[in-house]
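Dropping data.tsv in here (TSV, C-alpha atoms and all ligand atoms):
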chain	number	residue	atom	x	y	z
W	1	MET	CA	-15.51	-10.89	-10.71
W	2	ALA	CA	-15.59	-7.99	-13.13
W	3	HIS	CA	-11.91	-8.17	-13.87
W	4	GLU	CA	-11.36	-10.57	-16.70
W	5	GLU	CA	-9.20	-9.15	-19.43
W	6	PRO	CA	-11.48	-8.09	-22.26
W	7	GLY	CA	-11.05	-10.19	-25.40
W	8	LYS	CA	-8.78	-8.70	-28.02
W	9	SER	CA	-11.71	-7.86	-30.28
W	10	ALA	CA	-13.95	-6.42	-27.53
W	11	PRO	CA	-13.97	-2.61	-27.41
W	12	PRO	CA	-12.47	-1.27	-24.18
W	13	THR	CA	-14.78	-0.07	-21.46
W	14	LYS	CA	-15.07	3.67	-20.92
W	15	LEU	CA	-15.74	4.80	-17.38
W	16	VAL	CA	-16.84	8.35	-16.68
W	17	ILE	CA	-16.93	9.58	-13.08
W	18	ARG	CA	-18.64	12.96	-12.92
W	19	ASN	CA	-19.80	15.37	-10.23
W	20	ILE	CA	-16.70	14.80	-8.08
W	21	GLY	CA	-16.77	17.32	-5.23
W	22	LEU	CA	-13.12	17.06	-4.22
W	23	LEU	CA	-10.34	15.52	-6.26
W	24	LEU	CA	-7.44	14.20	-4.18
W	25	SER	CA	-4.51	13.57	-6.52
W	26	GLY	CA	-2.23	11.43	-4.33
W	27	ASP	CA	0.62	13.77	-5.29
W	28	LEU	CA	2.31	15.62	-2.41
W	29	ASP	CA	3.29	18.47	-4.72
W	30	GLN	CA	-0.36	19.20	-5.49
W	31	PRO	CA	-2.68	17.12	-3.29
W	32	ILE	CA	-5.92	18.73	-4.53
W	33	LEU	CA	-6.80	19.10	-8.22
W	34	ASP	CA	-9.26	21.59	-9.66
W	35	ALA	CA	-11.36	19.05	-11.56
W	36	ASP	CA	-14.71	17.29	-11.22
W	37	THR	CA	-14.52	14.53	-13.84
W	38	VAL	CA	-12.26	11.53	-14.42
W	39	VAL	CA	-12.40	9.34	-17.52
W	40	ALA	CA	-10.81	5.91	-17.83
W	41	VAL	CA	-10.60	3.72	-20.90
W	42	GLY	CA	-9.99	0.10	-20.03
W	43	ASP	CA	-7.83	0.00	-16.92
W	44	ARG	CA	-6.12	3.38	-17.39
W	45	ILE	CA	-7.01	6.97	-16.59
W	46	THR	CA	-7.23	8.97	-19.84
W	47	THR	CA	-8.59	12.37	-18.80
W	48	VAL	CA	-8.92	14.47	-15.65
W	49	GLY	CA	-10.76	17.77	-15.94
W	50	LYS	CA	-13.95	19.79	-15.81
W	51	GLU	CA	-17.04	17.97	-17.11
W	52	LYS	CA	-17.88	20.64	-19.67
W	53	GLU	CA	-14.39	20.40	-21.17
W	54	VAL	CA	-14.07	16.61	-21.15
W	55	ASP	CA	-15.27	14.15	-23.80
W	56	THR	CA	-17.68	11.95	-21.88
W	57	SER	CA	-19.39	10.48	-24.95
W	58	GLY	CA	-19.53	6.74	-25.48
W	59	ALA	CA	-19.26	5.91	-21.78
W	60	THR	CA	-19.99	2.27	-20.98
W	61	VAL	CA	-20.36	3.12	-17.29
W	62	THR	CA	-21.10	6.53	-15.80
W	63	VAL	CA	-20.78	7.17	-12.07
W	64	ASP	CA	-22.43	10.20	-10.50
W	65	ALA	CA	-20.09	10.90	-7.59
W	66	LYS	CA	-22.83	13.00	-5.91
W	67	GLY	CA	-20.26	15.58	-4.87
W	68	VAL	CA	-18.07	13.27	-2.78
W	69	ALA	CA	-14.27	13.06	-2.84
W	70	LEU	CA	-12.32	10.84	-5.20
W	71	ALA	CA	-8.79	9.65	-4.41
W	72	PRO	CA	-6.49	7.00	-5.86
W	73	GLY	CA	-7.19	3.54	-4.47
W	74	LEU	CA	-5.19	3.11	-1.27
W	75	ILE	CA	-1.99	1.05	-1.24
W	76	ASP	CA	-1.05	-1.18	1.68
W	77	SER	CA	2.74	-1.28	1.50
W	78	HIS	CA	3.15	-4.15	3.96
W	79	VAL	CA	1.02	-7.28	4.05
W	80	HIS	CA	1.74	-10.95	4.63
W	81	PRO	CA	-0.51	-12.95	2.29
W	82	VAL	CA	-0.22	-16.73	2.12
W	83	CYS	CA	-2.48	-18.33	-0.44
W	84	GLY	CA	-5.83	-17.35	-1.88
W	85	ASP	CA	-7.93	-15.11	0.33
W	86	TRP	CA	-7.02	-17.02	3.49
W	87	THR	CA	-4.65	-16.21	6.32
W	88	PRO	CA	-3.53	-18.79	8.84
W	89	ARG	CA	-2.45	-16.07	11.30
W	90	GLN	CA	-5.93	-15.84	12.84
W	91	ASN	CA	-7.39	-18.44	10.49
W	92	GLN	CA	-9.58	-16.05	8.53
W	93	LEU	CA	-11.12	-16.28	5.10
W	94	GLY	CA	-11.92	-13.31	2.88
W	95	TRP	CA	-9.56	-10.88	4.57
W	96	ILE	CA	-8.31	-9.27	1.35
W	97	ASP	CA	-11.85	-8.65	0.12
W	98	SER	CA	-12.53	-6.94	3.45
W	99	TYR	CA	-9.61	-4.54	2.85
W	100	LEU	CA	-11.21	-3.53	-0.45
W	101	HIS	CA	-14.04	-2.22	1.71
W	102	GLY	CA	-11.41	-0.16	3.53
W	103	GLY	CA	-10.43	1.51	0.25
W	104	VAL	CA	-7.35	-0.64	-0.45
W	105	THR	CA	-6.93	-1.57	-4.11
W	106	THR	CA	-3.25	-2.55	-4.10
W	107	MET	CA	-1.17	-4.57	-1.65
W	108	VAL	CA	2.55	-5.28	-1.50
W	109	SER	CA	3.75	-8.48	0.14
W	110	ALA	CA	6.54	-8.21	2.68
W	111	GLY	CA	6.95	-11.98	2.49
W	112	GLU	CA	4.62	-14.96	2.52
W	113	VAL	CA	6.17	-15.85	5.85
W	114	HIS	CA	3.03	-17.18	7.51
W	115	THR	CA	2.84	-20.08	5.07
W	116	PRO	CA	2.55	-23.24	7.16
W	117	GLY	CA	5.73	-25.25	6.66
W	118	ARG	CA	7.45	-22.38	4.85
W	119	PRO	CA	10.51	-23.82	3.08
W	120	LYS	CA	13.80	-22.29	4.18
W	121	ASP	CA	16.17	-24.12	1.84
W	122	VAL	CA	17.20	-22.14	-1.21
W	123	VAL	CA	15.38	-24.23	-3.84
W	124	GLY	CA	12.24	-24.31	-1.71
W	125	LEU	CA	12.13	-20.60	-0.94
W	126	LYS	CA	12.63	-19.74	-4.60
W	127	ALA	CA	9.85	-22.11	-5.64
W	128	MET	CA	7.49	-20.62	-3.06
W	129	ALA	CA	8.24	-17.06	-4.19
W	130	ILE	CA	7.60	-17.88	-7.84
W	131	PHE	CA	4.39	-19.72	-6.93
W	132	ALA	CA	3.12	-16.75	-4.85
W	133	GLN	CA	3.99	-14.25	-7.58
W	134	ARG	CA	2.10	-16.30	-10.16
W	135	ALA	CA	-0.87	-17.14	-7.97
W	136	PHE	CA	-1.54	-13.59	-6.79
W	137	HIS	CA	-0.93	-12.18	-10.25
W	138	ALA	CA	-3.80	-14.36	-11.45
W	139	PHE	CA	-6.06	-14.06	-8.40
W	140	ARG	CA	-7.48	-10.72	-7.28
W	141	PRO	CA	-9.91	-11.04	-4.37
W	142	GLY	CA	-12.63	-8.44	-4.91
W	143	GLY	CA	-10.38	-6.81	-7.52
W	144	VAL	CA	-7.47	-6.05	-5.15
W	145	LYS	CA	-4.10	-6.26	-6.92
W	146	ILE	CA	-1.50	-8.07	-4.82
W	147	TYR	CA	2.18	-7.87	-5.58
W	148	ALA	CA	3.44	-11.06	-3.93
W	149	GLY	CA	6.24	-13.54	-4.34
W	150	ALA	CA	8.60	-11.96	-1.84
W	151	PRO	CA	11.31	-14.41	-0.79
W	152	VAL	CA	12.99	-14.01	2.57
W	153	ILE	CA	16.77	-14.18	2.24
W	154	GLU	CA	18.54	-17.11	3.87
W	155	HIS	CA	22.20	-18.02	4.26
W	156	GLY	CA	23.45	-20.01	1.29
W	157	MET	CA	21.90	-17.82	-1.41
W	158	VAL	CA	24.28	-16.71	-4.16
W	159	GLU	CA	24.08	-14.03	-6.83
W	160	GLU	CA	22.79	-16.53	-9.37
W	161	ASP	CA	19.70	-17.12	-7.20
W	162	PHE	CA	18.68	-13.47	-7.44
W	163	LYS	CA	19.26	-13.46	-11.18
W	164	GLU	CA	17.12	-16.56	-11.51
W	165	LEU	CA	14.35	-15.11	-9.30
W	166	ALA	CA	14.29	-11.89	-11.30
W	167	ALA	CA	14.13	-13.78	-14.59
W	168	ALA	CA	11.16	-15.73	-13.20
W	169	GLY	CA	9.24	-12.53	-12.43
W	170	VAL	CA	10.08	-11.95	-8.76
W	171	LYS	CA	10.30	-8.20	-8.11
W	172	ILE	CA	10.40	-7.82	-4.32
W	173	LEU	CA	12.15	-9.36	-1.35
W	174	GLY	CA	10.32	-10.24	1.83
W	175	GLU	CA	11.46	-8.50	4.99
W	176	VAL	CA	15.18	-8.91	5.49
W	177	GLY	CA	15.71	-10.27	8.98
W	178	LEU	CA	12.84	-12.74	9.04
W	179	GLY	CA	15.13	-15.48	7.72
W	180	SER	CA	18.50	-16.75	8.87
W	181	VAL	CA	20.43	-13.68	7.64
W	182	LYS	CA	20.74	-11.46	10.72
W	183	ASP	CA	24.02	-9.67	10.00
W	184	GLY	CA	24.35	-6.44	8.07
W	185	LYS	CA	27.29	-7.59	5.94
W	186	THR	CA	25.51	-10.58	4.40
W	187	ALA	CA	22.22	-8.70	4.14
W	188	ARG	CA	23.88	-5.80	2.34
W	189	GLN	CA	25.49	-8.15	-0.17
W	190	MET	CA	22.20	-9.95	-0.92
W	191	VAL	CA	20.20	-6.71	-1.11
W	192	GLY	CA	22.82	-5.47	-3.56
W	193	TRP	CA	22.42	-8.58	-5.72
W	194	ALA	CA	18.64	-8.13	-5.59
W	195	ARG	CA	18.94	-4.48	-6.63
W	196	LYS	CA	21.30	-5.40	-9.48
W	197	TYR	CA	18.55	-7.57	-10.99
W	198	GLY	CA	15.69	-5.13	-10.34
W	199	ILE	CA	14.34	-6.72	-7.15
W	200	GLN	CA	13.25	-4.24	-4.48
W	201	SER	CA	14.04	-4.87	-0.82
W	202	THR	CA	12.47	-4.13	2.57
W	203	ILE	CA	14.00	-4.67	5.99
W	204	HIS	CA	12.25	-5.51	9.26
W	205	THR	CA	12.99	-2.77	11.81
W	206	GLY	CA	12.72	-3.08	15.58
W	207	GLY	CA	12.05	-5.86	18.02
W	208	PRO	CA	10.76	-9.33	17.17
W	209	SER	CA	7.13	-9.43	15.94
W	210	ILE	CA	6.28	-12.92	17.11
W	211	PRO	CA	8.22	-15.72	18.77
W	212	GLY	CA	10.90	-16.81	16.31
W	213	SER	CA	11.68	-13.41	14.81
W	214	SER	CA	14.38	-11.16	16.22
W	215	LEU	CA	15.66	-7.63	16.86
W	216	ILE	CA	16.92	-5.57	13.94
W	217	ASP	CA	18.55	-2.36	15.18
W	218	LYS	CA	19.51	0.84	13.37
W	219	ASP	CA	23.06	-0.33	12.66
W	220	MET	CA	21.83	-3.38	10.78
W	221	VAL	CA	19.20	-1.29	8.93
W	222	LEU	CA	21.79	1.30	7.88
W	223	GLU	CA	24.38	-1.29	6.86
W	224	THR	CA	21.88	-3.36	4.87
W	225	ASP	CA	20.56	-0.25	3.08
W	226	ALA	CA	17.36	-1.90	1.81
W	227	ASP	CA	15.08	0.20	-0.39
W	228	VAL	CA	12.36	0.38	2.27
W	229	ILE	CA	12.93	0.78	6.01
W	230	GLY	CA	10.06	-1.55	6.86
W	231	HIS	CA	7.89	-0.50	9.81
W	232	VAL	CA	10.23	2.21	11.07
W	233	ASN	CA	7.77	2.43	13.99
W	234	GLY	CA	8.32	-1.22	14.92
W	235	GLY	CA	6.16	-4.18	14.29
W	236	HIS	CA	5.11	-3.85	17.15
W	237	THR	CA	8.20	-3.21	19.28
W	238	ALA	CA	9.88	0.00	18.16
W	239	LEU	CA	13.53	0.97	18.37
W	240	PRO	CA	14.51	3.65	20.90
W	241	ASP	CA	13.73	7.20	19.75
W	242	ASP	CA	17.37	8.11	19.03
W	243	GLN	CA	17.68	5.14	16.67
W	244	ILE	CA	14.48	6.09	14.79
W	245	VAL	CA	15.79	9.65	14.45
W	246	ALA	CA	19.09	8.28	13.14
W	247	LEU	CA	17.29	6.25	10.47
W	248	CYS	CA	15.36	9.33	9.35
W	249	VAL	CA	18.49	11.51	9.25
W	250	ARG	CA	21.18	9.12	8.03
W	251	SER	CA	19.27	7.21	5.34
W	252	MET	CA	17.33	8.45	2.33
W	253	ARG	CA	15.35	5.22	1.94
W	254	ALA	CA	11.56	4.97	2.27
W	255	LEU	CA	10.21	5.31	5.81
W	256	GLU	CA	7.38	2.86	6.17
W	257	ILE	CA	4.92	3.44	9.02
W	258	VAL	CA	2.57	0.58	9.84
W	259	HIS	CA	-0.71	0.14	11.66
W	260	ASN	CA	0.60	-2.81	13.66
W	261	GLY	CA	3.44	-0.78	15.09
W	262	ASN	CA	4.06	1.67	17.88
W	263	GLU	CA	1.84	4.73	17.39
W	264	ARG	CA	4.07	7.09	19.38
W	265	SER	CA	7.07	6.05	17.28
W	266	ALA	CA	4.96	6.51	14.13
W	267	LEU	CA	4.38	10.13	15.13
W	268	LEU	CA	8.09	10.59	15.86
W	269	ALA	CA	9.06	9.30	12.40
W	270	LEU	CA	6.41	11.47	10.75
W	271	ARG	CA	7.58	14.56	12.65
W	272	MET	CA	11.21	13.89	11.69
W	273	ALA	CA	10.34	13.44	8.02
W	274	LYS	CA	8.34	16.66	8.12
W	275	GLU	CA	11.19	18.59	9.78
W	276	LEU	CA	13.67	17.24	7.24
W	277	GLY	CA	11.39	18.28	4.39
W	278	GLN	CA	11.23	14.61	3.33
W	279	LEU	CA	7.56	13.69	3.70
W	280	LYS	CA	7.83	12.06	0.28
W	281	ARG	CA	9.74	9.20	1.97
W	282	VAL	CA	6.81	8.30	4.22
W	283	ILE	CA	4.67	5.37	3.07
W	284	LEU	CA	1.96	3.43	4.91
W	285	GLY	CA	1.20	-0.23	5.49
W	286	THR	CA	-0.67	-2.36	7.96
W	287	ASP	CA	1.84	-5.21	8.54
W	288	SER	CA	-1.10	-7.55	8.67
W	289	PRO	CA	-2.37	-10.21	9.13
W	290	ALA	CA	-0.64	-10.24	12.48
W	291	GLY	CA	-1.00	-11.10	16.09
W	292	SER	CA	-3.56	-8.33	16.36
W	293	GLY	CA	-5.56	-9.78	13.51
W	294	VAL	CA	-6.49	-8.33	10.17
W	295	GLN	CA	-7.39	-4.65	9.83
W	296	PRO	CA	-9.64	-3.93	6.86
W	297	LEU	CA	-9.66	-0.27	7.91
W	298	GLY	CA	-5.98	-0.17	8.84
W	299	ILE	CA	-4.89	2.25	6.13
W	300	VAL	CA	-7.73	4.73	6.68
W	301	ARG	CA	-7.11	4.49	10.42
W	302	MET	CA	-3.44	5.41	9.80
W	303	ILE	CA	-4.46	8.33	7.59
W	304	ALA	CA	-6.81	9.67	10.27
W	305	MET	CA	-4.35	9.07	13.12
W	306	LEU	CA	-1.40	10.71	11.38
W	307	SER	CA	-3.51	13.64	10.21
W	308	ALA	CA	-5.14	14.23	13.60
W	309	LEU	CA	-2.20	13.60	15.93
W	310	GLY	CA	0.67	14.26	13.49
W	311	GLU	CA	-0.93	17.53	12.47
W	312	ILE	CA	-0.71	17.14	8.74
W	313	PRO	CA	-3.58	18.13	6.43
W	314	ALA	CA	-5.83	15.20	5.52
W	315	GLU	CA	-5.11	15.65	1.80
W	316	VAL	CA	-1.39	15.27	2.59
W	317	ALA	CA	-2.00	12.19	4.75
W	318	MET	CA	-3.86	10.64	1.78
W	319	CYS	CA	-0.70	11.03	-0.34
W	320	LEU	CA	1.30	8.90	2.10
W	321	ALA	CA	-0.96	5.93	1.30
W	322	THR	CA	-1.17	6.55	-2.44
W	323	GLY	CA	1.31	8.56	-4.52
W	324	ASN	CA	4.20	8.24	-2.07
W	325	THR	CA	3.96	4.46	-1.93
W	326	ALA	CA	3.54	4.21	-5.68
W	327	LYS	CA	6.68	6.30	-6.25
W	328	MET	CA	8.78	4.53	-3.63
W	329	ARG	CA	7.69	1.11	-4.87
W	330	SER	CA	7.60	1.90	-8.62
W	331	LEU	CA	3.91	1.09	-9.04
W	332	ASN	CA	1.74	2.55	-11.79
W	333	CYS	CA	-1.13	3.40	-9.45
W	334	GLY	CA	-1.60	5.89	-6.64
W	335	LEU	CA	-1.93	9.09	-8.68
W	336	ILE	CA	-4.88	10.68	-10.47
W	337	THR	CA	-3.25	11.48	-13.76
W	338	PRO	CA	-3.57	10.16	-17.31
W	339	GLY	CA	-1.76	6.87	-17.89
W	340	ARG	CA	-2.09	5.66	-14.31
W	341	GLU	CA	-4.21	2.68	-13.26
W	342	ALA	CA	-7.90	3.52	-12.93
W	343	SER	CA	-8.29	2.43	-9.31
W	344	PHE	CA	-10.18	4.82	-7.05
W	345	VAL	CA	-11.80	5.21	-3.69
W	346	LEU	CA	-14.80	7.55	-3.37
W	347	MET	CA	-15.54	8.80	0.11
W	348	ASP	CA	-17.40	11.38	2.10
W	349	LYS	CA	-17.59	12.59	5.66
W	350	ALA	CA	-18.99	9.81	7.81
W	351	GLN	CA	-22.53	10.37	9.00
W	352	HIS	CA	-22.64	12.47	12.20
W	353	SER	CA	-18.92	13.28	12.18
W	354	ALA	CA	-18.20	16.54	14.00
W	355	GLY	CA	-16.03	17.62	11.04
W	356	LYS	CA	-17.49	20.23	8.71
W	357	ASP	CA	-16.45	18.28	5.61
W	358	LEU	CA	-14.45	15.17	4.67
W	359	LEU	CA	-10.98	16.67	5.17
W	360	ASP	CA	-11.95	18.37	8.43
W	361	SER	CA	-13.48	15.12	9.72
W	362	ILE	CA	-10.23	13.21	9.02
W	363	GLN	CA	-8.17	15.95	10.67
W	364	LYS	CA	-10.43	15.56	13.70
W	365	GLY	CA	-9.52	11.85	13.76
W	366	ASP	CA	-12.70	10.40	12.28
W	367	LEU	CA	-12.61	7.75	9.57
W	368	PRO	CA	-14.00	8.61	6.14
W	369	GLY	CA	-17.13	6.86	4.94
W	370	ILE	CA	-16.35	4.94	1.77
W	371	GLY	CA	-19.14	4.94	-0.82
W	372	MET	CA	-17.50	3.18	-3.77
W	373	VAL	CA	-14.27	1.44	-4.76
W	374	ILE	CA	-13.16	1.05	-8.37
W	375	THR	CA	-10.32	-1.21	-9.52
W	376	ASP	CA	-8.86	-1.05	-13.01
W	377	GLY	CA	-11.82	0.87	-14.37
W	378	ALA	CA	-14.55	-1.38	-12.95
W	379	VAL	CA	-16.80	-0.82	-9.93
W	380	SER	CA	-15.66	-3.38	-7.34
W	381	ALA	CA	-17.66	-2.27	-4.31
W	382	GLN	CA	-20.41	0.22	-3.60
W	383	ARG	CA	-21.20	1.43	-0.07
W	384	SER	CA	-18.48	-0.06	2.16
W	385	ARG	CA	-19.65	-2.74	4.55
W	386	ASN	CA	-16.81	-1.82	6.91
W	387	THR	CA	-16.44	1.97	7.26
W	388	PRO	CA	-18.92	4.17	9.10
W	389	PRO	CA	-21.62	5.11	6.57
W	390	ALA	CA	-20.75	7.93	4.20
W	391	THR	CA	-23.07	10.96	4.24
W	392	ARG	CA	-23.46	10.92	0.45
W	393	VAL	CA	-22.93	7.84	-1.72
W	394	PRO	CA	-22.05	7.78	-5.45
W	395	GLU	CA	-24.39	6.05	-7.88
W	396	VAL	CA	-23.84	4.10	-11.07
W	397	GLU	CA	-25.98	5.86	-13.70
W	398	LYS	CA	-25.93	3.14	-16.34
W	401	ZN	ZN	8.44	-7.09	10.23
Can you turn what I pasted into structure tokens?
Ligand SMILES: [Zn+2]
Amino acid sequence: MAHEEPGKSAPPTKLVIRNIGLLLSGDLDQPILDADTVVAVGDRITTVGKEKEVDTSGATVTVDAKGVALAPGLIDSHVHPVCGDWTPRQNQLGWIDSYLHGGVTTMVSAGEVHTPGRPKDVVGLKAMAIFAQRAFHAFRPGGVKIYAGAPVIEHGMVEEDFKELAAAGVKILGEVGLGSVKDGKTARQMVGWARKYGIQSTIHTGGPSIPGSSLIDKDMVLETDADVIGHVNGGHTALPDDQIVALCVRSMRALEIVHNGNERSALLALRMAKELGQLKRVILGTDSPAGSGVQPLGIVRMIAMLSALGEIPAEVAMCLATGNTAKMRSLNCGLITPGREASFVLMDKAQHSAGKDLLDSIQKGDLPGIGMVITDGAVSAQRSRNTPPATRVPEVEK
């Protein structure tokens, strides 16, 4: 792995990516930047500009983008990791590394709920959350950064538990509703305690995902008022249309659309957000691993589906999986701007796509071809083993 922290005395690496044909910023306010070069020192972006105006001297690694597009590394807002790069859901190894080849450089856990024998007593669930936070902080399959340690609230928790979890480094709750707390009043109180100590919350929305989980309707979602309306399009079973519309209109919280949800409902939520002028609330996840397996290309599939069928420009769809998620989840990635994490995906129109260029191909529903993925300033993958082949592929010059 090329991701060890450099020793204190070692000079930081300097990455120069030049000859970028299209710079996708991740920022809804300006999705395309007029620049062809990005410089990163260590794990942070330092400069974005035109090659002739940028100091590219002293590069330790130079990438010739060969005219392809560069975007922030994609963020999967909703995953269920367990331990290491293994999932018991379909008993697969190496699933996170496979997502890297789908352009994903950051994942957010919605709860380590697939853990065999998951403890549901308060001491046990706190221990598991702290373990998961520590383990995934230290372990980055393929370079993917995983924010895990997301406890699922259970009856019996008190304010002191949230204070203790926060002090131990826990920053997110797993999906509200997957534990024993199924009423809005208790959920709202616990989400409030979490928020008081800086822990972000997400609520399961819709019908049960698998045997053992249960229905969460719009009244419970609105009463709980979690920071993220998790899979507003169901996971898989969606709420009735009028309830989805009510969540879009009556809440200002993040609207998370997932791959393992109802596609028609996804388009409804997207259309509502667009009509309300609140596209910034829309964030994307896979909600995987799941009954339908793992989806290494889940996020790019969502981008293409929402762009093609939801009729939003491809550069805007890219923002839903990058800058929007970063803003809604307070992450320092997802935008191409100095100071942000130097994690990128480089992509081009897939070979033989009917689209005239990358953006047109995505708007026509085709997946992009990924040619390189960079995490924290280091090249983590070259030509993707999972996407259709990119027409042009970036090269490492030295
Ligand atoms: Zn869920």
Inset, instruction - For Gly174 of chain W, please output as JSON, numbers by chain all residues within 6 Å (counting only C-alpha atoms; exclusion window: fewer than 3 positions along the same chain). - result: {"W": [110, 111, 150, 151, 152]}
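Taking all atoms listed in the file into account, His101 of chain W lies nearest to W:Pro296 out of the set W:Gly192, W:Ile336, W:Pro296, W:Gly49.
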Inset, instruction - Return as a PyMOL selection string the residues of protein, DNA or RNA that approach ligand ZN 401 (chain W) to within 8 Å, with all atoms listed in the file taken into account. - result: chain W and resi 110+175+178+203-206+208-209+230-231+234-235+287
Inset, instruction - List every protein, DNA or RNA residue that has at least one atom no more than 12 Å from (-18.7, 9.3, -0.2) in the file's coordinates, counting all atoms listed in the file, and write the result as a PyMOL selection string. - result: chain W and resi 19-22+64-71+103+344-351+357-359+367-373+382-384+387-395
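Distances here use only C-alpha atoms; by that measure, the residue among W:Ile17, W:Ile75, W:Leu306, W:Met157 closest to Lys50 of chain W is W:Ile17.
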Legend entry - Contacts of Glu160 of chain W at 12 Å (all atoms listed in the file; same-chain gap of 3+ positions) as a VMD selection string: chain W and resid 122 126 156 to 157 163 to 167 190 193 to 194 196 to 197
